[in-house]
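The structure file work.txt is reproduced below (compact mmCIF, C-alpha atoms).
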# COMPACT_ATOMS: atom_id res chain seq x y z
CA MET J 1 -23.44 69.58 -75.67
CA LYS J 2 -22.55 71.24 -72.35
CA ASN J 3 -18.91 70.14 -72.67
CA ILE J 4 -18.53 71.53 -76.18
CA LEU J 5 -20.11 74.86 -75.19
CA LYS J 6 -17.64 75.20 -72.33
CA HIS J 7 -14.85 74.28 -74.74
CA LYS J 8 -16.03 76.93 -77.19
CA ASN J 9 -16.28 79.59 -74.47
CA ASN J 10 -12.74 78.83 -73.28
CA TRP J 11 -11.34 79.27 -76.78
CA GLU J 12 -13.35 82.43 -77.37
CA LYS J 13 -11.68 83.89 -74.27
CA LEU J 14 -8.24 82.72 -75.35
CA GLY J 15 -8.94 84.30 -78.73
CA GLU J 16 -9.41 87.61 -76.93
CA LEU J 17 -6.61 87.36 -74.37
CA ASP J 18 -3.65 85.87 -76.25
CA PRO J 19 -4.65 84.17 -79.52
CA LEU J 20 -1.21 83.54 -81.03
CA TRP J 21 0.16 81.95 -77.85
CA ALA J 22 -3.02 79.87 -77.44
CA VAL J 23 -2.41 78.47 -80.94
CA LEU J 24 1.33 77.90 -80.52
CA SER J 25 2.18 77.77 -76.82
CA ASP J 26 5.83 78.76 -76.60
CA ASN J 27 6.13 80.05 -73.03
CA SER J 28 8.63 82.69 -74.09
CA LYS J 29 5.87 84.17 -76.27
CA ARG J 30 3.14 84.46 -73.64
CA PHE J 31 1.17 87.63 -73.01
CA ASN J 32 1.00 88.65 -76.68
CA SER J 33 4.75 88.46 -77.26
CA TRP J 34 4.66 86.66 -80.63
CA ASN J 35 5.92 88.63 -83.61
CA ILE J 36 3.39 87.94 -86.35
CA GLU J 37 5.98 87.29 -89.10
CA GLU J 38 7.88 84.86 -86.87
CA PHE J 39 4.62 83.20 -85.85
CA LEU J 40 3.49 82.63 -89.44
CA SER J 41 6.91 81.38 -90.50
CA THR J 42 6.63 78.45 -88.06
CA GLY J 43 4.00 76.94 -90.33
CA LEU J 44 6.31 76.48 -93.30
CA SER J 45 8.36 73.61 -91.88
CA GLU J 46 5.21 71.93 -90.52
CA VAL J 47 3.50 71.90 -93.90
CA GLU J 48 6.61 70.91 -95.85
CA ASN J 49 7.28 68.05 -93.41
CA VAL J 50 3.77 66.71 -94.00
CA PHE J 51 4.26 66.84 -97.77
CA SER J 52 7.62 65.12 -97.50
CA ILE J 53 6.05 62.24 -95.59
CA MET J 54 3.07 62.03 -97.96
CA LYS J 55 5.48 61.74 -100.87
CA GLU J 56 7.33 58.98 -99.05
CA LEU J 57 4.02 57.16 -98.43
CA ASN J 58 2.76 57.83 -101.99
CA ILE J 59 -0.51 59.42 -100.85
CA GLY J 60 -2.14 62.82 -101.31
CA GLN J 61 -1.81 63.32 -105.05
CA ASN J 62 -5.19 65.07 -105.28
CA ARG J 63 -4.59 68.76 -104.61
CA GLY J 64 -8.12 70.15 -104.93
CA VAL J 65 -9.93 71.34 -101.79
CA MET J 66 -8.47 71.05 -98.30
CA LEU J 67 -9.78 71.55 -94.76
CA ASP J 68 -7.57 72.85 -91.97
CA PHE J 69 -9.60 71.80 -88.91
CA GLY J 70 -8.96 73.89 -85.81
CA CYS J 71 -7.20 76.49 -87.92
CA GLY J 72 -7.11 79.06 -85.11
CA VAL J 73 -5.78 82.34 -86.48
CA GLY J 74 -4.81 80.77 -89.82
CA ARG J 75 -1.13 80.15 -89.05
CA LEU J 76 -0.82 77.53 -91.80
CA ALA J 77 -3.15 79.01 -94.43
CA ARG J 78 -0.59 80.61 -96.74
CA HIS J 79 1.64 77.55 -96.62
CA TRP J 80 -1.16 75.08 -97.44
CA LEU J 81 -2.44 77.32 -100.22
CA LYS J 82 0.80 76.80 -102.12
CA HIS J 83 -0.20 73.16 -102.60
CA PHE J 84 -4.01 73.22 -103.00
CA ASP J 85 -6.51 74.84 -105.33
CA LYS J 86 -8.69 75.90 -102.40
CA TYR J 87 -8.02 76.28 -98.66
CA ILE J 88 -10.80 76.25 -96.07
CA GLY J 89 -10.04 76.70 -92.39
CA SER J 90 -12.58 75.93 -89.68
CA ASP J 91 -12.53 76.63 -85.97
CA ILE J 92 -14.96 76.65 -83.06
CA SER J 93 -13.88 80.14 -81.93
CA SER J 94 -15.32 83.14 -83.77
CA ASN J 95 -12.66 85.35 -82.17
CA MET J 96 -9.88 83.19 -83.59
CA LEU J 97 -11.52 83.27 -87.01
CA GLU J 98 -11.85 87.04 -87.04
CA ARG J 99 -8.11 87.28 -86.34
CA ALA J 100 -7.45 84.68 -89.05
CA LYS J 101 -9.31 86.79 -91.62
CA LYS J 102 -7.26 89.88 -90.75
CA ILE J 103 -3.93 88.07 -90.76
CA ASN J 104 -4.66 86.39 -94.10
CA GLN J 105 -6.57 89.17 -95.84
CA ASP J 106 -4.05 89.07 -98.70
CA LEU J 107 -5.07 85.48 -99.55
CA GLU J 108 -8.07 83.96 -101.32
CA VAL J 109 -9.06 81.59 -98.52
CA ASP J 110 -12.20 80.85 -96.49
CA PHE J 111 -12.56 80.68 -92.71
CA LEU J 112 -15.74 79.13 -91.31
CA GLU J 113 -17.03 78.49 -87.80
CA ASN J 114 -17.82 74.87 -86.97
CA GLY J 115 -19.84 73.60 -84.04
CA GLU J 116 -19.82 70.23 -82.32
CA ASP J 117 -19.86 68.66 -85.78
CA LEU J 118 -19.03 69.62 -89.38
CA LYS J 119 -22.58 69.94 -90.70
CA ILE J 120 -21.53 73.18 -92.41
CA PHE J 121 -19.90 70.88 -95.02
CA GLU J 122 -21.57 68.37 -97.34
CA ASP J 123 -20.45 64.76 -97.69
CA ASN J 124 -17.37 63.97 -99.80
CA LYS J 125 -16.23 67.59 -100.10
CA PHE J 126 -12.50 67.51 -99.32
CA ASP J 127 -9.49 65.93 -100.97
CA PHE J 128 -7.38 66.52 -97.87
CA ILE J 129 -8.00 67.23 -94.18
CA TYR J 130 -5.36 68.29 -91.68
CA SER J 131 -5.58 68.87 -87.94
CA GLY J 132 -2.50 69.60 -85.84
CA ILE J 133 -2.32 70.51 -82.12
CA VAL J 134 -6.13 70.60 -81.99
CA LEU J 135 -7.82 67.30 -81.10
CA GLN J 136 -5.69 67.07 -77.95
CA HIS J 137 -7.63 70.03 -76.50
CA MET J 138 -11.09 68.48 -76.91
CA PRO J 139 -13.16 67.99 -73.75
CA ASN J 140 -13.10 64.18 -73.92
CA ARG J 141 -12.25 61.18 -76.10
CA GLU J 142 -15.82 60.82 -77.31
CA THR J 143 -15.64 64.30 -78.84
CA ILE J 144 -12.32 63.48 -80.51
CA LYS J 145 -13.80 60.37 -82.11
CA LYS J 146 -16.96 62.21 -83.15
CA TYR J 147 -14.91 64.76 -85.09
CA ILE J 148 -12.90 61.98 -86.73
CA LEU J 149 -16.17 60.41 -87.91
CA GLU J 150 -17.09 63.79 -89.36
CA PHE J 151 -13.70 63.97 -91.10
CA LYS J 152 -14.49 60.65 -92.77
CA ARG J 153 -17.93 61.86 -93.85
CA VAL J 154 -16.68 65.04 -95.54
CA LEU J 155 -13.60 63.41 -97.07
CA LYS J 156 -13.73 62.22 -100.68
CA LYS J 157 -13.02 58.62 -101.57
CA ASP J 158 -9.24 58.09 -101.60
CA GLY J 159 -8.89 61.43 -99.79
CA VAL J 160 -6.20 61.86 -97.14
CA LEU J 161 -6.70 62.66 -93.45
CA ILE J 162 -3.73 63.67 -91.32
CA PHE J 163 -4.14 64.50 -87.66
CA GLN J 164 -1.98 64.76 -84.56
CA LEU J 165 -2.95 63.46 -81.12
CA PRO J 166 -1.05 62.54 -77.94
CA ALA J 167 -0.94 58.79 -77.40
CA GLU J 168 0.19 58.90 -73.79
CA ILE J 169 0.56 61.57 -71.10
CA PRO J 170 2.65 60.78 -68.00
CA TRP J 171 0.64 60.54 -64.80
CA ARG J 172 2.32 63.58 -63.26
CA PHE J 173 0.98 65.75 -66.10
CA ARG J 174 -2.57 64.42 -66.11
CA LEU J 175 -3.69 66.43 -63.06
CA GLN J 176 -3.37 69.68 -65.04
CA PRO J 177 -3.37 71.95 -61.95
CA ILE J 178 -3.25 75.21 -63.95
CA ARG J 179 -6.49 74.42 -65.74
CA LYS J 180 -8.18 73.24 -62.54
CA ALA J 181 -7.10 76.32 -60.58
CA TYR J 182 -8.44 78.46 -63.43
CA SER J 183 -11.81 76.70 -63.27
CA VAL J 184 -12.14 77.02 -59.48
CA LEU J 185 -11.18 80.71 -59.36
CA LYS J 186 -13.43 81.53 -62.30
CA PHE J 187 -16.31 79.81 -60.51
CA LEU J 188 -15.54 82.04 -57.52
CA GLY J 189 -15.99 85.11 -59.72
CA LEU J 190 -12.51 86.16 -60.86
CA SER J 191 -12.35 87.50 -64.41
CA ASP J 192 -10.65 85.73 -67.31
CA ASP J 193 -8.38 88.75 -67.79
CA PHE J 194 -7.20 88.67 -64.16
CA LEU J 195 -6.73 84.91 -64.15
CA TYR J 196 -4.59 84.95 -67.29
CA ASN J 197 -2.72 88.26 -67.16
CA HIS J 198 -2.14 88.47 -63.41
CA LEU J 199 -2.10 84.85 -62.21
CA GLY J 200 -0.88 83.19 -65.42
CA LEU J 201 -3.74 80.68 -65.40
CA TYR J 202 -5.54 79.38 -68.49
CA PRO J 203 -8.21 76.77 -69.33
CA ILE J 204 -6.36 74.71 -71.95
CA LYS J 205 -7.12 71.00 -71.58
CA MET J 206 -4.87 68.14 -72.70
CA ASN J 207 -6.37 64.82 -73.73
CA PHE J 208 -4.98 61.66 -75.31
CA VAL J 209 -5.93 58.36 -76.91
CA SER J 210 -3.49 55.46 -76.96
CA GLU J 211 -2.03 54.64 -80.35
CA ASN J 212 -3.45 51.11 -80.27
CA ASP J 213 -6.96 52.34 -79.43
CA MET J 214 -6.84 54.99 -82.15
CA ARG J 215 -5.57 52.55 -84.77
CA ASN J 216 -8.39 50.14 -83.91
CA PHE J 217 -10.98 52.93 -84.04
CA LEU J 218 -9.78 54.22 -87.41
CA GLU J 219 -9.81 50.77 -89.00
CA LYS J 220 -13.23 50.03 -87.50
CA VAL J 221 -14.82 53.14 -89.02
CA GLY J 222 -13.27 52.53 -92.44
CA LEU J 223 -10.21 54.79 -92.49
CA LYS J 224 -7.05 53.05 -93.65
CA VAL J 225 -4.05 53.82 -91.44
CA VAL J 226 -1.21 54.23 -93.91
CA ASP J 227 1.36 55.14 -91.24
CA VAL J 228 1.77 56.65 -87.79
CA LYS J 229 4.73 58.92 -87.06
CA GLN J 230 5.79 60.01 -83.61
CA ASP J 231 6.12 63.80 -83.39
CA THR J 232 7.40 66.43 -80.97
CA TYR J 233 4.36 68.74 -80.82
CA CYS J 234 3.85 68.11 -77.09
CA GLY J 235 7.47 68.23 -76.02
CA PRO J 236 9.92 65.46 -75.06
CA LEU J 237 7.92 64.03 -72.15
CA VAL J 238 4.61 63.36 -73.93
CA LYS J 239 4.25 60.67 -76.60
CA SER J 240 2.46 62.29 -79.53
CA CYS J 241 1.57 60.74 -82.87
CA THR J 242 0.59 62.01 -86.30
CA TYR J 243 -1.76 59.65 -88.14
CA TYR J 244 -1.65 59.39 -91.94
CA CYS J 245 -4.96 57.95 -93.13
CA GLN J 246 -6.83 57.40 -96.37
CA LYS J 247 -10.55 56.89 -96.98
Rewritten as structure tokens:
Amino acid sequence: MKNILKHKNNWEKLGELDPLWAVLSDNSKRFNSWNIEEFLSTGLSEVENVFSIMKELNIGQNRGVMLDFGCGVGRLARHWLKHFDKYIGSDISSNMLERAKKINQDLEVDFLENGEDLKIFEDNKFDFIYSGIVLQHMPNRETIKKYILEFKRVLKKDGVLIFQLPAEIPWRFRLQPIRKAYSVLKFLGLSDDFLYNHLGLYPIKMNFVSENDMRNFLEKVGLKVVDVKQDTYCGPLVKSCTYYCQK
């Protein structure tokens, strides 16, 4: 519980300081430099790529209700809504969700705050669940797996789950000195605003689960792994995978 509260607090602060960059961390767009139209347009190719692969794999024909887990400011909402009857985005940060509602006020979509689980949703609710560039920031692997179990619970039979997660991070990147410096200086009393805007420090964590371990976990809990595609969400030096699963 303590870990998830710290995780929530970090993302609440990022939602205040630089929400668009925190969602899509292009270093040329730091310090609130994203243009909102350009930012939203990045979601189109992401969504269309997912649909192209689903078509190739012959999954995802049910286009009823979808969940965008870790939706942030709703970058993908308008693009997913083209394909589903109902879009629901959930996030742990209320600040991110408030921004999502403003950005997408022209759409008929829902944004809801989740906690350490998805108890806000009943069993077998969703035809489709997507989570991209989200699970990698969880405090630990146990939390990642706990959310995946929740995905299974709220997914309908034959529903599709697609999520991205790094499978391997090189040793030289695992120390994460920026995040650690942020934590130490915050403990010493420096403000979040000073740490981010003046020192360029931030609390974003990177986690991973090996592809073999994740495949075994998914099969064990009753999620069929239809395919695993390597992706470029974490750059050229980190092995990242997108898992295409069916309940």
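Distance check against J:Arg141 using only C-alpha atoms: of J:Arg99, J:His198, J:Lys205, J:His83, the minimum falls on J:Lys205.
Atom CA of J:Gln246 to atom CA of J:Lys152 spans 9.1 Å [interatomic distance, one decimal].
Among the candidate residues J:Ser191, J:Asn197, J:Asn212, J:Asn10, the one lying nearest to J:Ala167 is J:Asn212, with distances computed using all atoms listed in the file.
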Enclose all atoms of stretch 228-244 of chain J listed in the file in an axis-aligned box, grow every side by 6 Å, and hand back centre and edge lengths in Å to one decimal, as lines of an AutoDock Vina configuration file.
center_x = 4.1
center_y = 62.7
center_z = -82.0
size_x = 23.7
size_y = 24.1
size_z = 31.8
Dig up all the protein and nucleic acid residues within 12 Å of (2.1, 60.2, -69.8) in the file frame, using only C-alpha atoms, and format them as a PyMOL selection string. chain J and resi 166-176+206-210+234-240
Could you state the separation of atom CA of J:Arg63 and atom CA of J:Val109 in Å, given to one decimal place?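 Separating atom CA of J:Arg63 from atom CA of J:Val109 is a distance of 14.9 Å.
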Near J:Gly43, counting all atoms listed in the file, which residues have an atom at most 9 Å away, once you skip same-chain residues fewer than 3 positions from it, shown as number ranges by chain? J: 39-40, 46-48, 75-80
